[in-house]
Structures are given as C-alpha cells and as structure tokens.
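Asks: Got a structure for you, structure_24.txt, holding compact mmCIF, C-alpha atoms.
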# COMPACT_ATOMS: atom_id res chain seq x y z
CA MET Y 1 0.00 0.00 0.00
CA SER Y 2 1.13 3.47 -0.78
CA ASN Y 3 1.29 6.53 1.41
CA GLU Y 4 -0.48 9.82 0.99
CA GLN Y 5 2.16 11.88 -0.75
CA GLN Y 6 -0.03 13.35 -3.44
CA SER Y 7 -3.32 15.09 -3.09
CA THR Y 8 -5.77 13.82 -5.68
CA ASP Y 9 -9.51 13.70 -5.89
CA VAL Y 10 -9.88 10.12 -6.96
CA ALA Y 11 -8.51 7.13 -5.08
CA GLY Y 12 -7.64 3.86 -6.83
CA ILE Y 13 -7.67 0.30 -5.55
CA ILE Y 14 -6.13 -2.48 -7.63
CA VAL Y 15 -7.57 -5.92 -6.84
CA THR Y 16 -6.07 -8.91 -8.63
CA HIS Y 17 -5.07 -12.55 -8.61
CA GLY Y 18 -1.57 -13.57 -7.62
CA ARG Y 19 0.71 -10.69 -6.62
CA LEU Y 20 -0.21 -8.72 -9.73
CA ALA Y 21 -1.76 -5.79 -7.83
CA GLU Y 22 1.36 -5.07 -5.77
CA GLU Y 23 3.58 -5.44 -8.81
CA LEU Y 24 1.39 -3.17 -10.94
CA LEU Y 25 1.48 -0.51 -8.25
CA ARG Y 26 5.23 -0.91 -7.81
CA THR Y 27 5.72 -0.65 -11.58
CA VAL Y 28 3.55 2.47 -11.87
CA GLU Y 29 5.64 4.10 -9.16
CA LEU Y 30 8.83 2.98 -10.87
CA ILE Y 31 7.73 4.77 -14.04
CA ILE Y 32 6.11 7.94 -12.74
CA GLY Y 33 7.02 8.17 -9.09
CA PRO Y 34 5.30 7.58 -5.75
CA GLN Y 35 1.52 7.57 -5.77
CA GLY Y 36 -0.84 8.63 -3.02
CA ASN Y 37 -4.23 7.04 -2.68
CA LEU Y 38 -3.47 4.10 -4.91
CA TYR Y 39 -3.74 0.78 -3.15
CA ALA Y 40 -3.08 -2.85 -4.00
CA ILE Y 41 -4.93 -5.93 -2.79
CA SER Y 42 -3.98 -9.40 -3.96
CA GLY Y 43 -6.94 -11.65 -3.49
CA SER Y 44 -5.63 -15.12 -4.25
CA ASP Y 45 -4.59 -16.12 -0.75
CA LEU Y 46 -7.41 -14.38 1.06
CA CYS Y 47 -10.93 -15.59 1.65
CA ASP Y 48 -13.73 -13.56 0.08
CA GLU Y 49 -14.55 -11.82 3.37
CA ASN Y 50 -10.99 -10.57 3.76
CA VAL Y 51 -10.83 -9.24 0.19
CA ILE Y 52 -14.15 -7.47 0.65
CA GLY Y 53 -13.09 -6.23 4.09
CA GLY Y 54 -9.82 -4.87 2.69
CA ILE Y 55 -11.63 -2.92 -0.02
CA ARG Y 56 -14.21 -1.58 2.42
CA GLU Y 57 -11.52 -0.56 4.85
CA ILE Y 58 -9.88 1.62 2.20
CA ILE Y 59 -13.24 3.00 1.10
CA GLY Y 60 -14.01 3.80 4.74
CA ARG Y 61 -11.13 6.24 4.94
CA ARG Y 62 -11.61 7.85 1.54
CA GLY Y 63 -12.95 11.04 3.11
CA GLY Y 64 -15.45 11.83 0.37
CA LYS Y 65 -13.11 10.92 -2.46
CA GLN Y 66 -14.40 9.10 -5.47
CA VAL Y 67 -12.89 5.68 -5.89
CA LEU Y 68 -12.08 3.59 -8.92
CA VAL Y 69 -11.55 -0.12 -8.26
CA PHE Y 70 -9.43 -1.85 -10.91
CA VAL Y 71 -9.78 -5.63 -11.28
CA ASP Y 72 -7.80 -7.94 -13.53
CA TYR Y 73 -10.36 -10.35 -14.93
CA PHE Y 74 -14.04 -9.84 -15.63
CA GLY Y 75 -15.97 -12.60 -13.88
CA GLY Y 76 -13.13 -13.64 -11.61
CA SER Y 77 -13.34 -13.72 -7.83
CA CYS Y 78 -11.53 -10.38 -7.49
CA CYS Y 79 -14.15 -8.83 -9.76
CA ILE Y 80 -17.06 -10.44 -7.94
CA ASN Y 81 -15.71 -9.45 -4.54
CA SER Y 82 -15.04 -5.88 -5.65
CA VAL Y 83 -18.55 -5.47 -7.00
CA ARG Y 84 -19.86 -6.87 -3.74
CA ALA Y 85 -17.66 -4.60 -1.63
CA VAL Y 86 -18.85 -1.38 -3.28
CA GLU Y 87 -22.54 -2.25 -3.51
CA GLY Y 88 -24.64 0.72 -2.47
CA GLU Y 89 -21.69 3.15 -2.36
CA GLU Y 90 -21.95 6.42 -4.28
CA GLY Y 91 -19.04 7.66 -6.38
CA ILE Y 92 -17.32 4.30 -6.76
CA LYS Y 93 -16.88 2.28 -9.92
CA VAL Y 94 -15.35 -1.10 -10.66
CA MET Y 95 -13.45 -1.50 -13.93
CA SER Y 96 -12.14 -4.83 -15.24
CA GLY Y 97 -9.17 -5.63 -17.48
CA VAL Y 98 -6.65 -3.46 -15.69
CA ASN Y 99 -3.30 -3.11 -17.40
CA LEU Y 100 -0.27 -0.88 -17.05
CA PRO Y 101 -1.36 1.77 -19.59
CA VAL Y 102 -4.70 2.14 -17.78
CA LEU Y 103 -2.98 2.68 -14.45
CA LEU Y 104 -0.46 5.11 -15.89
CA ALA Y 105 -3.32 7.08 -17.44
CA PHE Y 106 -5.17 6.99 -14.13
CA ALA Y 107 -2.16 8.27 -12.23
CA THR Y 108 -1.55 11.12 -14.65
CA LYS Y 109 -5.16 12.10 -15.40
CA ARG Y 110 -7.04 11.61 -12.15
CA GLY Y 111 -6.49 15.17 -11.00
CA ALA Y 112 -7.48 16.63 -14.37
CA LEU Y 113 -10.77 15.03 -15.43
CA PRO Y 114 -14.20 14.72 -13.82
CA PHE Y 115 -14.81 11.20 -12.51
CA ASP Y 116 -17.09 9.92 -15.30
CA GLU Y 117 -14.88 11.36 -18.04
CA LEU Y 118 -11.85 9.86 -16.34
CA VAL Y 119 -13.47 6.43 -16.33
CA ASP Y 120 -14.41 6.70 -20.03
CA HIS Y 121 -10.91 7.85 -20.85
CA LEU Y 122 -9.35 4.91 -19.02
CA VAL Y 123 -11.57 2.36 -20.74
CA ARG Y 124 -10.56 3.85 -24.11
CA ARG Y 125 -6.92 3.94 -23.12
CA GLY Y 126 -7.02 0.29 -22.05
CA ARG Y 127 -8.58 -0.81 -25.31
CA GLU Y 128 -6.26 1.28 -27.47
CA SER Y 129 -3.24 -0.20 -25.75
CA VAL Y 130 -4.05 -3.74 -26.88
CA LYS Y 131 -2.99 -4.04 -30.50
CA VAL Y 132 -0.76 -5.85 -32.92
CA ILE Y 133 2.40 -3.90 -33.55
CA ALA Y 134 2.83 -3.28 -37.29
CA LEU Y 135 5.64 -1.05 -38.49
CA MET T 1 -24.83 -35.69 -16.32
CA ILE T 2 -22.60 -34.16 -13.68
CA SER T 3 -19.10 -33.86 -15.11
CA LEU T 4 -17.71 -32.09 -12.05
CA PHE T 5 -19.09 -31.75 -8.55
CA ARG T 6 -16.97 -29.15 -6.78
CA ILE T 7 -16.83 -27.51 -3.37
CA ASP T 8 -15.52 -23.98 -3.86
CA ASP T 9 -16.34 -21.00 -1.66
CA ARG T 10 -15.93 -18.72 -4.69
CA LEU T 11 -18.47 -20.66 -6.77
CA ILE T 12 -18.18 -19.27 -10.32
CA HIS T 13 -14.73 -17.73 -10.88
CA GLY T 14 -11.61 -17.93 -13.06
CA GLN T 15 -10.37 -21.38 -11.99
CA VAL T 16 -13.78 -22.88 -12.62
CA VAL T 17 -14.65 -21.05 -15.81
CA LEU T 18 -11.21 -21.17 -17.46
CA GLY T 19 -9.30 -23.92 -15.66
CA TRP T 20 -12.01 -26.58 -15.56
CA GLY T 21 -14.22 -25.09 -18.25
CA SER T 22 -11.59 -25.40 -20.98
CA VAL T 23 -11.15 -29.10 -20.21
CA LEU T 24 -14.70 -30.18 -19.41
CA LYS T 25 -16.52 -27.81 -21.78
CA PRO T 26 -19.67 -27.67 -19.70
CA ASP T 27 -23.08 -26.88 -21.17
CA ARG T 28 -24.28 -25.65 -17.81
CA ILE T 29 -22.96 -24.41 -14.51
CA LEU T 30 -25.34 -25.25 -11.69
CA VAL T 31 -24.80 -23.40 -8.44
CA ALA T 32 -26.61 -25.06 -5.53
CA ASP T 33 -26.69 -22.60 -2.67
CA ASP T 34 -29.66 -21.42 -0.61
CA GLU T 35 -28.15 -18.03 0.19
CA VAL T 36 -27.29 -17.09 -3.39
CA ALA T 37 -30.50 -18.56 -4.79
CA SER T 38 -32.62 -16.42 -2.50
CA ASN T 39 -30.91 -13.14 -3.42
CA GLU T 40 -31.63 -11.69 -6.84
CA TRP T 41 -28.61 -9.39 -6.82
CA GLU T 42 -26.26 -12.27 -5.92
CA ARG T 43 -27.82 -14.42 -8.64
CA ARG T 44 -27.17 -11.72 -11.24
CA LEU T 45 -23.64 -11.21 -9.96
CA TYR T 46 -22.69 -14.88 -10.33
CA ALA T 47 -24.54 -15.29 -13.61
CA SER T 48 -22.48 -12.38 -15.00
CA ALA T 49 -19.29 -14.26 -14.15
CA ALA T 50 -20.04 -17.20 -16.46
CA PRO T 51 -19.12 -17.22 -20.15
CA ALA T 52 -21.98 -16.33 -22.49
CA GLU T 53 -22.08 -19.78 -24.12
CA VAL T 54 -22.58 -21.62 -20.83
CA LYS T 55 -26.05 -21.84 -19.30
CA VAL T 56 -26.29 -20.99 -15.65
CA SER T 57 -28.74 -22.27 -13.06
CA ILE T 58 -28.64 -20.93 -9.55
CA LEU T 59 -30.89 -23.02 -7.34
CA SER T 60 -31.61 -23.78 -3.72
CA LEU T 61 -30.32 -27.15 -2.54
CA VAL T 62 -33.83 -28.60 -2.63
CA ASP T 63 -34.48 -27.37 -6.18
CA ALA T 64 -31.04 -28.45 -7.36
CA ALA T 65 -31.54 -31.99 -6.04
CA ARG T 66 -35.02 -32.18 -7.54
CA GLN T 67 -33.96 -30.93 -10.97
CA LEU T 68 -30.86 -33.12 -11.11
CA LYS T 69 -32.83 -36.21 -10.09
CA SER T 70 -35.60 -35.46 -12.58
CA GLY T 71 -33.17 -36.07 -15.42
CA ILE T 72 -33.67 -32.76 -17.22
CA PHE T 73 -29.90 -32.21 -17.29
CA ASP T 74 -28.99 -35.76 -18.35
CA SER T 75 -28.15 -34.68 -21.89
CA GLU T 76 -25.92 -31.83 -20.70
CA ARG T 77 -22.46 -31.65 -19.21
CA VAL T 78 -23.11 -29.99 -15.87
CA MET T 79 -20.64 -28.45 -13.45
CA LEU T 80 -22.27 -28.59 -10.04
CA LEU T 81 -20.87 -26.05 -7.58
CA VAL T 82 -21.51 -25.71 -3.87
CA ARG T 83 -19.94 -23.33 -1.40
CA HIS T 84 -20.00 -25.50 1.73
CA PRO T 85 -19.05 -29.11 2.45
CA LYS T 86 -22.34 -29.49 4.32
CA SER T 87 -24.20 -28.76 1.07
CA VAL T 88 -22.89 -32.07 -0.29
CA ILE T 89 -24.43 -33.90 2.66
CA ALA T 90 -27.66 -31.97 2.14
CA LEU T 91 -27.83 -32.95 -1.55
CA MET T 92 -27.13 -36.59 -0.67
CA ASP T 93 -29.87 -36.52 1.96
CA LEU T 94 -32.17 -35.16 -0.73
CA GLY T 95 -31.46 -38.25 -2.79
CA LEU T 96 -28.57 -37.25 -5.04
CA ALA T 97 -26.07 -40.07 -5.54
CA VAL T 98 -22.50 -38.82 -4.99
CA SER T 99 -19.37 -40.93 -5.29
CA GLU T 100 -16.73 -38.23 -5.74
CA VAL T 101 -16.38 -34.54 -4.94
CA ASN T 102 -13.66 -32.16 -6.04
CA VAL T 103 -12.55 -30.07 -3.08
CA GLY T 104 -11.35 -27.07 -5.00
CA GLY T 105 -11.28 -23.97 -2.87
CA LEU T 106 -11.99 -23.38 0.77
CA HIS T 107 -9.90 -20.32 1.44
CA TYR T 108 -8.26 -19.19 4.62
CA ARG T 109 -10.37 -17.46 7.19
CA GLU T 110 -10.12 -17.21 10.94
CA GLY T 111 -10.81 -20.53 12.60
CA ARG T 112 -9.91 -22.59 9.54
CA GLU T 113 -6.80 -24.74 9.54
CA LYS T 114 -4.74 -25.54 6.48
CA VAL T 115 -5.14 -28.96 4.91
CA LEU T 116 -3.85 -28.17 1.42
CA GLU T 117 -2.68 -25.04 -0.37
CA HIS T 118 -6.25 -24.09 -1.29
CA VAL T 119 -8.14 -26.04 1.32
CA TYR T 120 -8.65 -24.77 4.85
CA LEU T 121 -11.21 -26.36 7.14
CA ASP T 122 -12.77 -25.33 10.43
CA ALA T 123 -13.82 -27.91 13.03
CA GLU T 124 -17.36 -28.17 11.71
CA GLU T 125 -16.24 -28.58 8.11
CA ARG T 126 -13.78 -31.27 9.18
CA THR T 127 -16.64 -33.17 10.84
CA VAL T 128 -18.67 -32.86 7.65
CA MET T 129 -15.73 -34.15 5.59
CA ARG T 130 -15.45 -37.16 7.91
CA GLU T 131 -19.12 -37.86 7.37
CA LEU T 132 -18.55 -37.76 3.60
CA VAL T 133 -15.68 -40.22 4.00
CA LYS T 134 -17.97 -42.48 6.05
CA ARG T 135 -20.50 -42.34 3.25
CA GLY T 136 -17.88 -43.54 0.81
CA VAL T 137 -17.37 -40.28 -1.06
CA ALA T 138 -13.94 -39.80 -2.62
CA LEU T 139 -12.59 -36.33 -1.79
CA ASP T 140 -10.43 -35.13 -4.65
CA GLY T 141 -8.38 -32.18 -3.38
CA ARG T 142 -7.39 -30.27 -6.48
CA ALA T 143 -7.67 -26.65 -7.59
CA LEU T 144 -7.30 -27.30 -11.33
CA PRO T 145 -7.70 -30.34 -13.59
CA GLY T 146 -3.95 -30.47 -14.24
CA SER T 147 -2.86 -30.16 -10.63
CA ARG T 148 -1.86 -33.17 -8.60
CA SER T 149 -4.92 -34.70 -6.99
CA VAL T 150 -4.58 -35.26 -3.27
CA MET T 151 -7.17 -37.60 -1.85
CA LEU T 152 -8.34 -35.86 1.29
CA ASN T 153 -10.02 -38.92 2.77
CA SER T 154 -7.08 -39.87 4.97
CA LEU T 155 -6.25 -36.24 5.83
CA VAL T 156 -9.54 -35.38 7.44
CA VAL T 157 -10.06 -38.47 9.61
Represent the supplied structure as structure tokens.

Replies:
Amino acid sequence: MSNEQQSTDVAGIIVTHGRLAEELLRTVELIIGPQGNLYAISGSDLCDENVIGGIREIIGRRGGKQVLVFVDYFGGSCCINSVRAVEGEEGIKVMSGVNLPVLLAFATKRGALPFDELVDHLVRRGRESVKVIAL
Amino acid sequence: MISLFRIDDRLIHGQVVLGWGSVLKPDRILVADDEVASNEWERRLYASAAPAEVKVSILSLVDAARQLKSGIFDSERVMLLVRHPKSVIALMDLGLAVSEVNVGGLHYREGREKVLEHVYLDAEERTVMRELVKRGVALDGRALPGSRSVMLNSLVV
C-alpha cells in the first residue's frame, strides 16, 4: 500500500489474482514516481470476506473521495468481490481488465478530469493499448 | 450428467470457468446454494461471471436436487458447484447419488486450519468431511484439472 504523498480527488484500488496488484502498483511508481491514494490488494490467498473487508476498509477512509476499483479479470473472484464490496456506495466504480497503460493514465489524469470522463478515458486507453504492432 | 461436482467457496470464478471449463466444456454451470438462490442481486452477480455460451442455473439445494434427479440435465455436461461441504451432505440426503467430490477452494479465514494449499477447514467442516468419508465419497483435493490430486479422505479423519 502506498502513502499519501499526493493530493488527488480520486482514489484507486487495484484488486487482482496472484501478486499482480502489488507489482502493478510498484511498476507504476517505478515509471512515474510515488503515488498517493493508490492501493493494491492481492486476493488469491485471502478468503472472500478478507478481500471485501480490505476494499471496504480503504473505502471507509476515503474522506469523500471518489474511488475507482481496478480488477484484472471480468468474472473472476476479485471482480465479484469488488462489485460486492462497493454495492450501495456512491461515487465508486469497478473497472475490469486493468493493465499498465490504464494505471499510468489513471495516475496522470485523475487530477485533471471529472470522474465519469476519467473512467471513459481509461476504458478507451485500455482498449487502445491492446494491439498488434505493425511497423 | 454431472461432469464435475466441486466444493468452492468462490463458486463461479476464473479457476472454474477457465481452468475446468476449458477441459470439461460444460453446457451448464449449476450453483446449488440457498443463500445465493434467494438473493436476486447475488444471482445476477454470479450469472455475470459465467461465459456467455454456458447456461447458468442458480438453485436452492432442494431445487437443485429435484432438478438433477428429474433427469432434465442428463443430456448436458453440468458443473455442479456448492460453497460449503455441508451442502454435499444436504444434496445426498435429498437423494442425489454422490461418489466423488472435487474439493477445490476453501480459502483461509479465521478458525480454519490448512489442509492443502487451497483447502482450509474449520472444526465443523472437518466433521462434515469425515461424514462424507464415512459415506464412501472420494474427496479429490485439487484446484485445477492439471494439478496433482490429493485424496483428502485420509487427511480429514
């Protein structure tokens, strides 16, 4: 988990299988520097209740911030548990298919765009980043 | 026809859909769980997790046993998923014949002790497993079809 070095309006939580979440966060920070309010939860070794509890714990201290939850695989347990954890919460969205370009865009754009536009932008960015390289 | 009967506290998720699904190619995933079956939001959530080409039934234990016994799924490859070991006993008591169960995922939580990498049991679940052993059910401890199968029968007695 990261510390609160940067003041931003939108918090992010990465929830994945394996140790992918921690590594994604570490890699984002390697590329663009330390991130505040971006958290990692790896769900594989935890029971559902602990994954959900971890997400809710972060949401509980968001202090009115909007939150974007990034999950790796649509339909996986991390996705299911994230959807369950944010049920009934305002200003929180869950987005599947997280990849490095999405997180880099999140980190650089989250202070600049309104929440809904930010989410649309990230979905586009994620899709654009998957392509066959033809020179 | 039940091609896999699995205990997994995550029910429909990646290991089941991709890991087992790619090998068994199920026509239907049948979740037998009273709690999920009685909650429309939970039903939609789990149904959304299954691939579009696989049919999904989410039924109470009573309805699951009745439908399975009626033979309406005999022409399909069915993956039967339950969340709790005691649900297997319940289905057997409702008349479902069970000779083998895949113990796929019972994840760590407080009060559960480790039996395998992906199998943790609390005292009550251990008692239920012993009852299954007594009833002659083979307990196949395995997360994925390609992983080494550990028969849990001797580990829970």

Asks: With a cut-off of 6 Å and counting all atoms listed in the file, select all residues of chain T in contact with chain Y and give the selection as a short mmCIF file (atom, residue, chain, number, x, y, z; two decimals) with C-alpha atoms, in the frame of the given file.

Replies:
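See out29.cif below for the written result:
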data_model
loop_
_atom_site.label_atom_id
_atom_site.label_comp_id
_atom_site.auth_asym_id
_atom_site.auth_seq_id
_atom_site.Cartn_x
_atom_site.Cartn_y
_atom_site.Cartn_z
CA HIS T 13 -14.73 -17.73 -10.88
CA GLY T 14 -11.61 -17.93 -13.06
CA ALA T 49 -19.29 -14.26 -14.15
CA HIS T 107 -9.90 -20.32 1.44
CA TYR T 108 -8.26 -19.19 4.62
CA ARG T 109 -10.37 -17.46 7.19
#

Asks: For Gln15 (chain T), find every residue with an atom within 10 Å (counting only C-alpha atoms), except residues of its own chain fewer than 6 positions away, and show them as a ChimeraX atom specification.

Replies: /Y:76-77 /T:8,21-22,104-105,143-145

Asks: Would you pick out the contacts of region 23-37 of chain Y at 12 Å or less, using all atoms listed in the file, so that residues sharing its chain but fewer than 4 positions from it are not included, and give the list as JSON, numbers by chain?

Replies: {"Y": [1, 2, 3, 4, 5, 6, 7, 8, 9, 10, 11, 12, 13, 14, 15, 16, 17, 18, 19, 41, 42, 58, 59, 61, 62, 63, 65, 66, 67, 68, 69, 70, 71, 72, 98, 99, 100, 101, 102, 103, 104, 105, 106, 107, 108, 110, 111]}

Asks: Quick check, in Å to one decimal: how far apart do CA of Leu132 (chain T) and CA of Lys86 (chain T) lie?

Replies: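 Interatomic distance here is 9.1 Å.
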
Asks: Go through Y:Val130, Y:Val51, Y:Val119, Y:Leu113 one by one, measure the shortest atom-to-atom distance of each to Ala85 (chain Y) using only C-alpha atoms, and give the residue with the smallest value.

Replies: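 Nearest to Ala85 (chain Y): Y:Val51.
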
Asks: Report the distance between CA of Arg6 (chain T) and CA of Leu80 (chain T) in Å, rounded to one decimal place.

Replies: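 Taking CA of Arg6 (chain T) and CA of Leu80 (chain T), their separation equals 6.2 Å.
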
Asks: So how far away is CA of Asp9 (chain T) from CA of His84 (chain T), in Å?

Replies: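 According to the coordinates, CA of His84 (chain T) and CA of Asp9 (chain T) are separated by 6.7 Å.
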